[in-house]
file model22.cif (mmCIF, C-alpha atoms)
data_data
#
loop_
_atom_site.label_atom_id
_atom_site.label_comp_id
_atom_site.auth_asym_id
_atom_site.auth_seq_id
_atom_site.Cartn_x
_atom_site.Cartn_y
_atom_site.Cartn_z
CA MET A 277 9.85 19.44 6.27
CA LEU A 278 13.09 20.16 4.43
CA GLN A 279 14.00 23.75 3.68
CA PRO A 280 17.24 25.76 3.45
CA LYS A 281 18.76 26.97 6.72
CA LYS A 282 20.02 30.21 5.28
CA ILE A 283 18.95 32.03 2.13
CA ARG A 284 20.43 34.90 0.20
CA TRP A 285 17.31 35.99 -1.66
CA ARG A 286 13.73 35.41 -0.48
CA LYS A 287 12.15 35.26 -3.93
CA HIS A 288 13.44 33.44 -6.99
CA HIS A 289 12.54 33.18 -10.65
CA LYS A 290 10.93 29.91 -11.78
CA GLU A 291 14.38 28.68 -12.89
CA LEU A 292 13.01 26.35 -15.53
CA GLN A 293 16.55 25.59 -16.72
CA ARG A 294 16.88 23.49 -13.57
CA ILE A 295 14.01 21.27 -14.76
CA ARG A 296 14.57 21.00 -18.51
CA GLY A 297 16.80 18.31 -20.00
CA LYS A 298 18.09 15.09 -18.55
CA SER A 299 19.86 14.79 -15.21
CA GLU A 300 23.54 14.15 -15.85
CA ARG A 301 24.37 14.23 -12.15
CA GLY A 302 22.63 12.20 -9.46
CA ALA A 303 21.36 9.73 -12.05
CA SER A 304 22.85 6.58 -10.50
CA LEU A 305 22.60 4.89 -7.11
CA ASN A 306 25.39 6.12 -4.84
CA PHE A 307 24.43 4.95 -1.36
CA GLY A 308 21.74 2.28 -1.29
CA ASP A 309 20.93 -0.87 -3.21
CA ILE A 310 17.56 0.18 -4.59
CA GLY A 311 16.10 3.55 -5.44
CA LEU A 312 13.38 5.59 -7.06
CA LYS A 313 14.23 7.45 -10.27
CA ALA A 314 12.31 10.28 -11.92
CA VAL A 315 11.47 9.51 -15.55
CA GLU A 316 9.95 12.91 -16.21
CA PRO A 317 10.91 16.37 -14.97
CA GLY A 318 8.96 18.35 -12.42
CA ARG A 319 8.88 20.30 -9.18
CA ILE A 320 8.44 18.32 -5.98
CA THR A 321 7.32 20.25 -2.91
CA ALA A 322 8.88 19.79 0.51
CA ARG A 323 5.51 18.44 1.70
CA GLN A 324 5.50 15.76 -1.01
CA ILE A 325 9.13 14.79 -0.24
CA GLU A 326 8.21 14.36 3.43
CA ALA A 327 5.02 12.42 2.65
CA ALA A 328 6.96 10.00 0.46
CA ARG A 329 9.67 9.61 3.10
CA ILE A 330 7.09 8.81 5.78
CA ALA A 331 5.42 6.30 3.43
CA ILE A 332 8.78 4.52 3.01
CA THR A 333 9.82 4.51 6.67
CA ARG A 334 6.39 3.33 7.86
CA HIS A 335 6.37 0.48 5.37
CA ILE A 336 9.86 -0.76 6.26
CA LYS A 337 9.08 -0.25 9.97
CA ARG A 338 12.26 1.82 10.42
CA GLN A 339 14.43 -1.20 9.71
CA GLY A 340 16.55 -0.15 6.78
CA ARG A 341 18.12 3.12 5.81
CA VAL A 342 16.69 5.77 3.49
CA TRP A 343 18.54 8.52 1.64
CA ILE A 344 16.75 11.53 0.12
CA ARG A 345 18.63 12.59 -3.01
CA MET A 346 16.85 15.89 -3.67
CA PHE A 347 16.51 19.09 -1.69
CA PRO A 348 13.75 21.73 -1.89
CA ASP A 349 15.86 24.86 -2.32
CA LEU A 350 13.60 26.82 -4.68
CA PRO A 351 10.99 29.11 -3.06
CA VAL A 352 7.63 29.44 -4.79
CA SER A 353 5.67 32.62 -4.15
CA LYS A 354 1.92 33.08 -4.26
CA LYS A 355 -0.42 36.04 -4.09
CA PRO A 356 -3.14 35.98 -1.42
CA ALA A 357 -6.70 35.10 -2.47
CA GLU A 358 -8.89 37.79 -4.03
CA VAL A 359 -6.00 40.14 -4.74
CA ARG A 360 -5.86 42.02 -8.04
CA MET A 361 -2.95 41.49 -10.37
CA GLY A 362 0.03 43.81 -10.03
CA SER A 363 1.55 45.40 -6.92
CA GLY A 364 4.60 43.20 -7.10
CA LYS A 365 5.46 39.56 -6.56
CA GLY A 366 3.59 37.57 -3.93
CA SER A 367 5.18 36.28 -0.73
CA PRO A 368 7.07 32.94 -0.56
CA GLU A 369 4.57 30.16 0.10
CA TYR A 370 6.45 26.86 -0.07
CA TRP A 371 9.71 25.22 -1.16
CA VAL A 372 10.23 22.88 -4.08
CA ALA A 373 13.00 20.66 -5.43
CA ALA A 374 13.60 21.11 -9.16
CA VAL A 375 13.97 17.60 -10.58
CA LYS A 376 15.24 16.70 -14.04
CA ALA A 377 14.34 13.43 -15.75
CA GLY A 378 16.71 10.68 -14.63
CA ARG A 379 17.32 12.02 -11.13
CA ILE A 380 17.46 9.51 -8.28
CA LEU A 381 14.95 10.72 -5.69
CA TYR A 382 15.25 8.17 -2.88
CA GLU A 383 17.67 5.35 -2.12
CA MET A 384 17.26 2.51 0.34
CA SER A 385 19.30 -0.30 1.81
CA GLY A 386 19.05 -2.89 4.55
CA VAL A 387 15.67 -4.39 3.63
CA ASP A 388 14.60 -7.19 1.28
CA GLU A 389 14.10 -6.16 -2.32
CA GLU A 390 10.42 -7.13 -2.21
CA VAL A 391 9.76 -4.92 0.84
CA ALA A 392 11.83 -2.09 -0.63
CA ARG A 393 9.89 -2.23 -3.91
CA ALA A 394 6.57 -2.08 -2.07
CA ALA A 395 7.80 0.87 0.03
CA LEU A 396 9.05 2.76 -3.02
CA LYS A 397 5.76 2.12 -4.81
CA ARG A 398 3.93 3.77 -1.91
CA ALA A 399 6.38 6.69 -2.04
CA ALA A 400 5.89 7.05 -5.80
CA ALA A 401 2.15 7.48 -5.22
CA LYS A 402 2.89 10.62 -3.18
CA LEU A 403 4.91 12.27 -5.93
CA PRO A 404 3.59 14.42 -8.79
CA ILE A 405 5.84 12.86 -11.47
CA ARG A 406 6.24 9.44 -13.06
CA THR A 407 9.02 7.37 -11.53
CA LYS A 408 10.63 3.95 -11.83
CA ILE A 409 12.44 1.67 -9.43
CA VAL A 410 16.14 1.04 -10.10
CA VAL A 411 18.27 -1.65 -8.49
CA ARG A 412 22.03 -1.51 -8.04
CA GLY A 413 23.57 -3.26 -10.99
CA VAL A 414 27.02 -3.69 -12.33
CA GLY A 415 28.67 -0.52 -13.54
CA ARG A 416 25.72 1.71 -12.72
CA MET B 256 41.14 -12.96 -13.01
CA SER B 257 40.14 -16.08 -14.84
CA HIS B 258 37.83 -15.08 -17.66
CA THR B 259 38.67 -13.37 -20.94
CA PHE B 260 35.84 -11.86 -22.92
CA VAL B 261 35.81 -11.63 -26.70
CA LEU B 262 34.01 -8.83 -28.51
CA GLU B 263 33.20 -8.54 -32.21
CA ALA B 264 33.40 -4.91 -33.33
CA GLU B 265 33.09 -2.91 -36.51
CA LEU B 266 35.24 0.05 -37.41
CA ARG B 267 33.49 3.43 -37.42
CA GLU B 268 34.30 5.27 -40.63
CA ARG B 269 33.01 8.60 -39.33
CA THR B 270 32.79 10.06 -35.83
CA GLY B 271 30.70 12.78 -34.23
CA LYS B 272 27.29 12.90 -32.58
CA ALA B 273 25.28 12.57 -35.79
CA GLU B 274 27.10 9.36 -36.68
CA ALA B 275 26.84 8.10 -33.09
CA ARG B 276 23.08 8.70 -33.08
CA ARG B 277 22.70 6.97 -36.45
CA LEU B 278 24.52 3.94 -35.03
CA ARG B 279 22.31 3.86 -31.93
CA ARG B 280 19.22 3.93 -34.14
CA GLN B 281 20.62 0.89 -35.96
CA GLY B 282 21.02 -1.01 -32.69
CA ARG B 283 24.72 -0.49 -32.24
CA VAL B 284 26.74 1.18 -29.49
CA PRO B 285 29.59 3.56 -30.38
CA ALA B 286 32.84 2.89 -28.52
CA ILE B 287 36.50 3.82 -28.63
CA ILE B 288 39.76 2.03 -28.00
CA TYR B 289 42.66 4.19 -26.89
CA GLY B 290 46.04 4.07 -25.16
CA GLY B 291 49.07 1.85 -25.60
CA ASP B 292 51.06 4.18 -27.91
CA LYS B 293 48.73 3.42 -30.81
CA PRO B 294 46.20 5.74 -32.47
CA ASP B 295 42.61 5.85 -31.20
CA LEU B 296 40.28 3.37 -32.84
CA PRO B 297 36.59 4.35 -33.06
CA ILE B 298 34.45 1.20 -33.17
CA SER B 299 30.84 0.14 -32.78
CA LEU B 300 29.39 -2.89 -30.97
CA GLU B 301 26.15 -4.83 -31.18
CA PHE B 302 23.75 -3.43 -28.54
CA PHE B 303 22.17 -6.65 -27.16
CA ASP B 304 25.48 -8.48 -27.05
CA ILE B 305 27.26 -5.71 -25.13
CA THR B 306 24.29 -5.15 -22.77
CA LYS B 307 24.36 -8.82 -21.83
CA LYS B 308 28.10 -8.66 -21.19
CA LEU B 309 27.82 -5.47 -19.13
CA ASP B 310 25.44 -7.31 -16.78
CA ASP B 311 28.26 -9.74 -15.98
CA GLU B 312 30.28 -8.29 -13.12
CA ARG B 313 33.48 -9.93 -14.40
CA PHE B 314 33.30 -7.96 -17.65
CA HIS B 315 34.23 -4.77 -15.75
CA THR B 316 37.44 -6.20 -14.32
CA SER B 317 38.61 -8.59 -17.05
CA MET B 318 40.88 -8.34 -20.04
CA ILE B 319 38.76 -8.05 -23.19
CA GLU B 320 39.86 -9.20 -26.63
CA ILE B 321 38.30 -7.00 -29.28
CA LYS B 322 38.26 -8.33 -32.84
CA VAL B 323 37.71 -5.42 -35.19
CA LYS B 324 36.20 -6.36 -38.55
CA GLY B 325 38.57 -5.52 -41.38
CA LYS B 326 41.58 -5.12 -39.10
CA ARG B 327 44.20 -7.75 -38.52
CA GLY B 328 44.91 -9.01 -35.03
CA LYS B 329 43.14 -8.46 -31.72
CA GLN B 330 43.09 -5.50 -29.39
CA THR B 331 43.53 -6.40 -25.72
CA ALA B 332 41.83 -3.84 -23.54
CA LEU B 333 40.08 -3.08 -20.27
CA LEU B 334 36.69 -1.42 -19.97
CA LYS B 335 37.60 2.05 -18.77
CA ALA B 336 34.21 3.78 -18.74
CA ALA B 337 30.60 3.14 -19.70
CA GLN B 338 28.08 5.89 -20.33
CA TYR B 339 24.37 5.30 -19.86
CA ASP B 340 21.25 7.24 -20.74
CA PRO B 341 20.11 8.74 -17.41
CA VAL B 342 16.41 8.02 -18.05
CA LYS B 343 16.36 4.81 -20.10
CA ASP B 344 19.45 3.31 -18.40
CA MET B 345 20.68 2.00 -21.75
CA VAL B 346 24.37 2.01 -22.61
CA THR B 347 25.25 4.86 -24.98
CA HIS B 348 29.05 4.74 -25.23
CA LEU B 349 31.99 2.66 -24.04
CA ASP B 350 35.67 3.45 -23.52
CA PHE B 351 38.29 0.69 -23.77
CA GLN B 352 41.92 1.19 -22.79
CA ARG B 353 44.60 -0.92 -24.46
CA VAL B 354 46.73 -2.73 -21.89
CA SER B 355 49.38 -5.42 -21.89
CA ALA B 356 49.30 -8.23 -19.33
CA ALA B 357 52.37 -7.01 -17.44
CA GLU B 358 51.18 -3.41 -17.23
CA THR B 359 50.12 -1.97 -13.87
CA VAL B 360 46.61 -0.56 -14.06
CA GLN B 361 44.28 1.35 -11.77
CA ILE B 362 40.74 -0.01 -11.84
CA GLU B 363 37.54 -0.04 -9.80
CA VAL B 364 36.80 -3.42 -8.22
CA PRO B 365 33.49 -4.19 -6.44
CA VAL B 366 33.38 -4.92 -2.70
CA HIS B 367 31.61 -8.13 -1.66
CA PRO B 368 30.77 -8.57 2.03
CA ILE B 369 30.84 -12.24 3.07
CA ASN B 370 29.55 -14.10 6.15
CA HIS B 371 27.41 -11.12 7.10
CA GLU B 372 24.31 -13.27 7.73
CA LYS B 373 25.90 -14.80 10.81
CA CYS B 374 27.80 -11.81 12.19
CA PRO B 375 26.70 -10.83 15.74
CA GLY B 376 25.73 -7.30 14.70
CA VAL B 377 23.32 -8.41 11.98
CA VAL B 378 21.90 -11.20 14.18
CA ALA B 379 21.15 -8.54 16.83
CA GLY B 380 19.17 -6.57 14.23
CA GLY B 381 21.96 -4.34 12.90
CA LEU B 382 22.15 -3.07 9.37
CA LEU B 383 25.06 -3.99 7.12
CA GLU B 384 26.02 -0.78 5.37
CA VAL B 385 28.50 -0.87 2.52
CA VAL B 386 30.05 2.60 2.56
CA ARG B 387 32.31 1.94 -0.45
CA HIS B 388 30.69 -0.22 -3.10
CA VAL B 389 33.87 -0.15 -5.22
CA LEU B 390 37.56 0.25 -4.42
CA ASP B 391 40.19 1.83 -6.68
CA VAL B 392 42.88 -0.84 -6.82
CA GLU B 393 46.30 -0.91 -8.44
CA CYS B 394 47.58 -4.20 -9.82
CA ARG B 395 48.88 -5.99 -12.90
CA ALA B 396 46.39 -6.14 -15.75
CA ASP B 397 46.46 -9.95 -15.80
CA SER B 398 45.76 -10.30 -12.08
CA ILE B 399 42.82 -8.01 -11.43
CA PRO B 400 40.62 -9.55 -8.72
CA GLU B 401 36.95 -10.05 -9.68
CA ALA B 402 35.93 -8.60 -6.31
CA ILE B 403 37.40 -7.68 -2.94
CA GLU B 404 35.81 -9.98 -0.39
CA VAL B 405 35.40 -8.55 3.10
CA ASP B 406 34.79 -10.98 5.95
CA CYS B 407 32.13 -9.57 8.29
CA SER B 408 31.72 -12.62 10.55
CA SER B 409 33.09 -10.92 13.69
CA LEU B 410 31.43 -7.52 13.41
CA ASP B 411 29.14 -6.31 16.19
CA LEU B 412 26.73 -3.37 16.28
CA GLY B 413 28.59 -0.15 15.54
CA ASP B 414 31.73 -1.93 14.30
CA SER B 415 33.30 -1.03 10.99
CA VAL B 416 35.88 -2.40 8.60
CA HIS B 417 38.47 0.09 7.39
CA ILE B 418 40.64 -0.24 4.32
CA ASP B 419 43.74 -1.14 6.38
CA ASP B 420 41.82 -4.08 7.95
CA ILE B 421 41.14 -5.73 4.59
CA ALA B 422 43.43 -8.51 3.42
CA LEU B 423 44.02 -7.77 -0.24
CA PRO B 424 45.12 -10.44 -2.74
CA ASP B 425 48.83 -10.65 -3.58
CA GLY B 426 50.02 -7.91 -5.91
CA VAL B 427 46.93 -5.77 -5.31
CA THR B 428 47.15 -2.42 -3.53
CA VAL B 429 44.63 0.29 -2.75
CA PRO B 430 46.43 3.68 -2.78
CA HIS B 431 45.01 5.81 0.04
CA ASP B 432 46.00 8.60 2.41
CA VAL B 433 43.18 8.19 4.93
CA ASN B 434 42.16 4.87 6.53
CA PHE B 435 38.59 5.15 5.21
CA THR B 436 35.60 3.02 6.21
CA VAL B 437 34.48 0.33 3.77
CA ILE B 438 31.74 -1.51 5.68
CA THR B 439 29.92 -0.72 8.89
CA ILE B 440 27.17 -2.31 10.99
CA ALA B 441 24.72 0.49 11.71
CA THR B 442 21.98 0.46 14.31
CA PRO B 443 18.56 0.99 12.67
CA SER B 444 16.36 3.67 14.21
CA ALA B 445 13.86 0.99 15.28
CA LEU B 446 16.52 -0.47 17.60
CA LYS B 447 17.61 2.87 19.05
CA GLY B 448 14.32 3.64 20.89
CA GLY B 449 11.33 1.66 22.11
CA ALA B 450 8.13 1.16 20.14
CA GLU B 451 6.47 4.16 21.83
CA ALA B 452 9.37 6.44 20.99
CA VAL B 453 9.12 5.30 17.40
CA GLU B 454 5.42 6.12 17.22
CA GLU B 455 5.98 9.53 18.82
CA ALA B 456 8.82 10.32 16.47
CA GLU B 457 6.70 9.33 13.48
CA GLU B 458 3.82 11.55 14.59
CA GLY B 459 6.18 14.45 15.27
CA GLU B 460 7.75 14.08 11.85
CA ALA B 461 4.37 13.94 10.18
CA GLU B 462 3.20 17.12 11.88
CA ALA B 463 6.42 19.08 11.27
#

call {"tool": "encode", "arguments": {"input": "model22.cif", "output": "structure tokens"}}
result
Amino acid sequence: MLQPKKIRWRKHHKELQRIRGKSERGASLNFGDIGLKAVEPGRITARQIEAARIAITRHIKRQGRVWIRMFPDLPVSKKPAEVRMGSGKGSPEYWVAAVKAGRILYEMSGVDEEVARAALKRAAAKLPIRTKIVVRGVGR
Amino acid sequence: MSHTFVLEAELRERTGKAEARRLRRQGRVPAIIYGGDKPDLPISLEFFDITKKLDDERFHTSMIEIKVKGKRGKQTALLKAAQYDPVKDMVTHLDFQRVSAAETVQIEVPVHPINHEKCPGVVAGGLLEVVRHVLDVECRADSIPEAIEVDCSSLDLGDSVHIDDIALPDGVTVPHDVNFTVITIATPSALKGGAEAVEEAEEGEAEA
């Protein structure tokens, strides 16, 4: 699963400013010919990113190429079960990618559009947010 | 360049985001014409008409004649930039730059790989990877190529085409310091290992 190699601080705030608003960067296809775009904001865990990636690569039988355009660099902490409130922040539990609406999540190339669409549809089912498929067009 | 596009535009009396939003609600797209030692000209265009034209690849590399309602004469310009809504993917604003035919301009031209279906690398199962989808070219405004065609017929697995290898049309240059890669034939991971290795790798990835 993806996670940062080196971190400066173990625990972060929720950093909701990284989720609110529309994505001005990373909103167009840069590498592949077809991609999956977030149409609503949200937090995607490293586990979900990996599950979607596996769904894509298994469907295309490792033929084409896949780019992941998000990175889970935000730690989420959690208190253990049956622990009373207080006594400080819980320990880091998992990593998430903060995704704004409009962000390209995955890009693909090297496979037929039909196969790519089916693969991306499977990947979308693994994600907690609504997405749409975008194809490389002129000027975008 | 063979095609000239004609656009019908209306002059924008007022500018600013409130006016731009009002125009978008009315089904128009705010735009601006600038450059050429003349004052900037804020205009608006019909949404469906401009969306249709933006889908034509030639529109991005052709001279455009803009007829502004209430203004005499035509403005000859190039599409300099197009802004889109990141979620809805609808055009929100356009920039046009006034140019004369003899002027040298710098513009992005799409790269089109040709003969890649029969190149040895692709036949062997390789993956045609376009590293640069557009090239920044310098040429006269009246001779902008619609696309830079790159012949891939002789490429084998692992081969690449660099910018110095591409035969550009006459009068067209691509200013560059580094001989960068434009197209490459990559080996897909399915070809790198056997079927068993693939299965093992998949399982390992899933468990990690």

call {"tool": "resolve_selection", "arguments": {"input": "model22.cif", "expression": "the PyMOL selection byres ((chain A) within 7 of (chain B))", "output": "list in words"}}
result
Met277, Lys298, Ser299, Glu300, Ala303, Val315, Arg338, Gln339, Gly340, Ala377, Gly378, Gly386 and Val414 of chain A

call {"tool": "atom_distance", "arguments": {"input": "model22.cif", "atom1": "atom CA of Ala328 of chain A", "atom2": "atom CA of Arg379 of chain A"}}
result
15.7 Å

call {"tool": "residues_near_point", "arguments": {"input": "model22.cif", "point": "(37.3, -2.2, -21.8)", "cutoff": "7 Å", "atoms": "only C-alpha atoms", "output": "ChimeraX atom specification"}}
result
/B:319,332-335,350-352

call {"tool": "resolve_selection", "arguments": {"input": "model22.cif", "expression": "the PyMOL selection byres ((chain B and resi 285) around 12)", "output": "JSON, numbers by chain"}}
result
{"B": [264, 265, 266, 267, 268, 269, 270, 271, 272, 273, 274, 275, 276, 277, 278, 279, 280, 281, 282, 283, 284, 286, 287, 288, 296, 297, 298, 299, 300, 301, 302, 305, 337, 338, 339, 346, 347, 348, 349, 350, 351]}

call {"tool": "atom_distance", "arguments": {"input": "model22.cif", "atom1": "atom CA of Phe260 of chain B", "atom2": "atom CA of Thr316 of chain B"}}
result
10.4 Å

call {"tool": "atom_distance", "arguments": {"input": "model22.cif", "atom1": "atom CA of Leu350 of chain A", "atom2": "atom CA of Lys281 of chain A"}}
result
12.5 Å

call {"tool": "resolve_selection", "arguments": {"input": "model22.cif", "expression": "the PyMOL selection byres ((chain A and resi 342-347) around 7)", "output": "number ranges by chain"}}
result
A: 340-341, 348-349, 373, 380-385

call {"tool": "residues_near_point", "arguments": {"input": "model22.cif", "point": "(47.2, -4.3, -21.0)", "cutoff": "7 Å", "atoms": "only C-alpha atoms", "output": "PyMOL selection string"}}
result
chain B and resi 331-332+353-358+396

call {"tool": "residues_around", "arguments": {"input": "model22.cif", "residues": "Leu423 of chain B", "least_positions_apart": "3", "cutoff": "8 Å", "atoms": "all atoms listed in the file", "output": "ChimeraX atom specification"}}
result
/B:403,427-428

call {"tool": "axis_aligned_box", "arguments": {"input": "model22.cif", "around": "segment 411-419 of chain B", "padding_each_side": "5 Å", "output": "lines of an AutoDock Vina configuration file"}}
result
center_x = 35.2
center_y = -3.1
center_z = 10.3
size_x = 27.0
size_y = 16.4
size_z = 22.0

call {"tool": "closest_residue", "arguments": {"input": "model22.cif", "among": "A:Gly362, A:Pro317, A:Gly308, A:Pro351", "to": "Gln279 of chain A", "atoms": "all atoms listed in the file"}}
result
A:Pro351

call {"tool": "closest_residue", "arguments": {"input": "model22.cif", "among": "B:Asp391, B:Asp414, B:Asp406, B:Glu401", "to": "Pro430 of chain B", "atoms": "all atoms listed in the file"}}
result
B:Asp391

call {"tool": "closest_residue", "arguments": {"input": "model22.cif", "among": "A:His335, A:Gly302, A:Glu291, A:Pro404", "to": "Val391 of chain A", "atoms": "all atoms listed in the file"}}
result
A:His335

call {"tool": "closest_residue", "arguments": {"input": "model22.cif", "among": "A:Val352, A:Ile310, A:Thr333, A:Ala327", "to": "Arg286 of chain A", "atoms": "only C-alpha atoms"}}
result
A:Val352

call {"tool": "closest_residue", "arguments": {"input": "model22.cif", "among": "A:Arg360, A:Arg329, A:Lys313, A:Arg323", "to": "Thr407 of chain A", "atoms": "all atoms listed in the file"}}
result
A:Lys313

call {"tool": "closest_residue", "arguments": {"input": "model22.cif", "among": "A:Ile332, A:Ala314, A:Leu305, A:Ile283", "to": "Arg398 of chain A", "atoms": "all atoms listed in the file"}}
result
A:Ile332
